[in-house]
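Before any comments, here is the structure.
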Amino acid sequence: PQLNTHLTRRLIRHRSRTARFFCILLLLLPTIAAAQNACSALNLPDLPDLSIDSAEPSSAPVNHCVVEGTIGEEIHFRLLLPENWNGKFVMGGDGGFAGTLNNQAIGLSSRGGENVLQSGYATVSTDVGHTPGPGGSASWALNNLERVINYGHLGVHRTAVSAKSLISGYYGQEIDRSYFYGCSNGGREALMEVGVLGPRSPASCTATRPPRRRGATALGFCRRAVGRTGRIRTRL
């Protein structure tokens with residue numbers, strides 16, 4: 001009788017633990033499903049002249065949603081939306097002739113060593129409407145005024161405006177503060193965005209080593225593209 005009583009008690013405890021486990025799991029299922037469904041193009045606002053190409057969840061370095069899309073004909077962007085958003089937005093520039101989705105802001109770190117995504121910032125990058133030419137040249141700009149204008153300022157501006165609308169729609173609230181960080185050509189992009197927007201520019205802008213003499217900088221890129229033995233004839 002004592003053995004049967006002991007086994008009965010163990011069975012009751014086991015069933016009780018199993019029941020508690022499934023109760024907790026049932027409580028967590030809506031949260032898990034909501035987190036998975038949040039990273040979806042369906043949860044992003046429809047914007048004119050913008051298409052969402054993909055929206056995929058990622059867990060490195062923190063849980064966030066990776067949104068890639070196209071503005072107009074060929075301005076591509078990548079928007080990172082952290083699960084624990086701090087209400088702030090930072091746009092990252094790109095160096096050289098741009099043409100990639102490199103985000104110069106992503107490497108910025110806080111005093112605790114966390115990068116902008118780990119700190120809760122939503123962040124975006126753009127190729128400003130072209131892919132790099134052979135050897136890093138500017139062949140993409142040949143006889144294509146739209147690409148030149150997009151590289152000059154419009155690609156960054158349209159991406160910034162679109163990203164802000166997507167962020168506000170995704171989180172259901174307005175952005176508290178906006179920032180821009182860029183180095184070299186990324187610094188030029190930052191200064192151009194401030195110049196174009198004026199009072200509506202980002203709340204804070206960090207432009208490190210922006211090219212001051214753009215004509216000379218462009219010739220330097222050309223010289224590198226044709227090689228040291230090549231010759232360039234031009235008038236400024």
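Convention: chains lettered A, B, ... in structure tokens order; per-chain residue numbering from 1; ligands numbered from 1 as shown.
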
Polymer residues at most 6 Å from stretch 89-98 of chain A, only C-alpha atoms, same-chain spacing of 4 or more positions, as JSON, numbers by chain: {"A": [102, 103, 104, 105, 121, 122, 123, 124, 125, 178, 179, 180, 181, 182, 184, 185, 186]}

Of the listed residues A:Lys88, A:Ser59, A:Gly107, A:Tyr151, that which approaches A:Glu74 most closely, counting only C-alpha atoms: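 Of A:Lys88, A:Ser59, A:Gly107, A:Tyr151, the one nearest A:Glu74 is A:Tyr151, counting only C-alpha atoms.
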
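Using only C-alpha atoms, the contacts of A:Pro61 at a cut-off of 10 Å, with sequence neighbours closer than 4 positions omitted, comprise A:Glu114, A:Asn115, A:Leu117, A:Gln118.
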
Atoms to include: N, CA, C and O atoms. Write the selected residues as a tab-separated table (two decimals), in the first residue's frame.
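Result file again.tsv:
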```tsv
chain	number	residue	atom	x	y	z
A	114	GLU	N	27.82	48.37	-27.53
A	114	GLU	CA	26.73	47.91	-28.40
A	114	GLU	C	26.69	48.76	-29.67
A	114	GLU	O	26.89	49.96	-29.63
A	115	ASN	N	26.40	48.10	-30.80
A	115	ASN	CA	26.26	48.87	-32.03
A	115	ASN	C	24.87	49.49	-32.09
A	115	ASN	O	24.05	49.29	-31.19
A	117	LEU	N	22.21	48.92	-33.79
A	117	LEU	CA	21.08	47.99	-33.80
A	117	LEU	C	20.84	47.42	-32.40
A	117	LEU	O	19.71	47.31	-31.94
A	118	GLN	N	21.92	47.05	-31.73
A	118	GLN	CA	21.80	46.53	-30.37
A	118	GLN	C	21.29	47.59	-29.40
A	118	GLN	O	20.67	47.27	-28.39
```

Which parts of stretch 21-167 of chain A does DSSP call helix (DSSP H, G or I) when run on the backbone here, written out as a tab-separated table (two decimals) with C-alpha atoms, in the first residue's frame?
```tsv
chain	number	residue	atom	x	y	z
A	21	PHE	CA	4.34	23.40	-18.99
A	22	PHE	CA	1.55	23.29	-21.56
A	23	CYS	CA	-0.25	26.18	-19.87
A	24	ILE	CA	2.88	28.32	-20.13
A	25	LEU	CA	3.39	27.23	-23.74
A	26	LEU	CA	-0.18	28.19	-24.61
A	27	LEU	CA	0.34	31.60	-23.04
A	28	LEU	CA	3.55	32.15	-25.04
A	29	LEU	CA	2.23	30.99	-28.41
A	30	PRO	CA	0.41	34.27	-29.23
A	31	THR	CA	3.56	36.24	-28.37
A	32	ILE	CA	5.77	33.99	-30.51
A	33	ALA	CA	3.33	34.13	-33.41
A	34	ALA	CA	3.04	37.92	-33.11
A	35	ALA	CA	6.82	38.31	-33.21
A	36	GLN	CA	7.06	36.12	-36.32
A	37	ASN	CA	4.18	37.85	-38.09
A	38	ALA	CA	5.44	41.34	-37.20
A	41	ALA	CA	5.43	43.24	-45.68
A	42	LEU	CA	1.79	43.18	-44.61
A	43	ASN	CA	2.73	45.19	-41.51
A	134	PRO	CA	34.13	47.72	-63.37
A	135	GLY	CA	37.04	48.41	-61.07
A	136	GLY	CA	34.99	50.86	-59.05
A	139	SER	CA	30.53	53.88	-65.88
A	140	TRP	CA	27.03	53.59	-64.41
A	141	ALA	CA	26.66	57.36	-64.85
A	145	LEU	CA	21.29	61.82	-65.89
A	146	GLU	CA	18.84	60.20	-63.46
A	147	ARG	CA	21.59	58.12	-61.87
A	148	VAL	CA	23.82	61.17	-61.58
A	149	ILE	CA	21.06	63.09	-59.78
A	150	ASN	CA	20.30	60.12	-57.54
A	151	TYR	CA	23.96	59.84	-56.62
A	152	GLY	CA	24.25	63.58	-56.08
A	153	HIS	CA	21.48	63.85	-53.50
A	154	LEU	CA	18.09	62.47	-54.51
A	155	GLY	CA	18.76	58.77	-53.81
A	156	VAL	CA	19.66	59.45	-50.19
A	157	HIS	CA	16.80	61.91	-49.72
A	158	ARG	CA	14.11	59.62	-51.12
A	159	THR	CA	15.42	56.73	-49.02
A	160	ALA	CA	15.43	58.82	-45.85
A	161	VAL	CA	11.86	60.03	-46.37
A	162	SER	CA	10.59	56.55	-47.27
A	163	ALA	CA	12.41	54.88	-44.36
A	164	LYS	CA	10.85	57.29	-41.87
A	165	SER	CA	7.36	56.52	-43.17
A	166	LEU	CA	8.01	52.77	-43.03
A	167	ILE	CA	9.37	52.99	-39.49
```
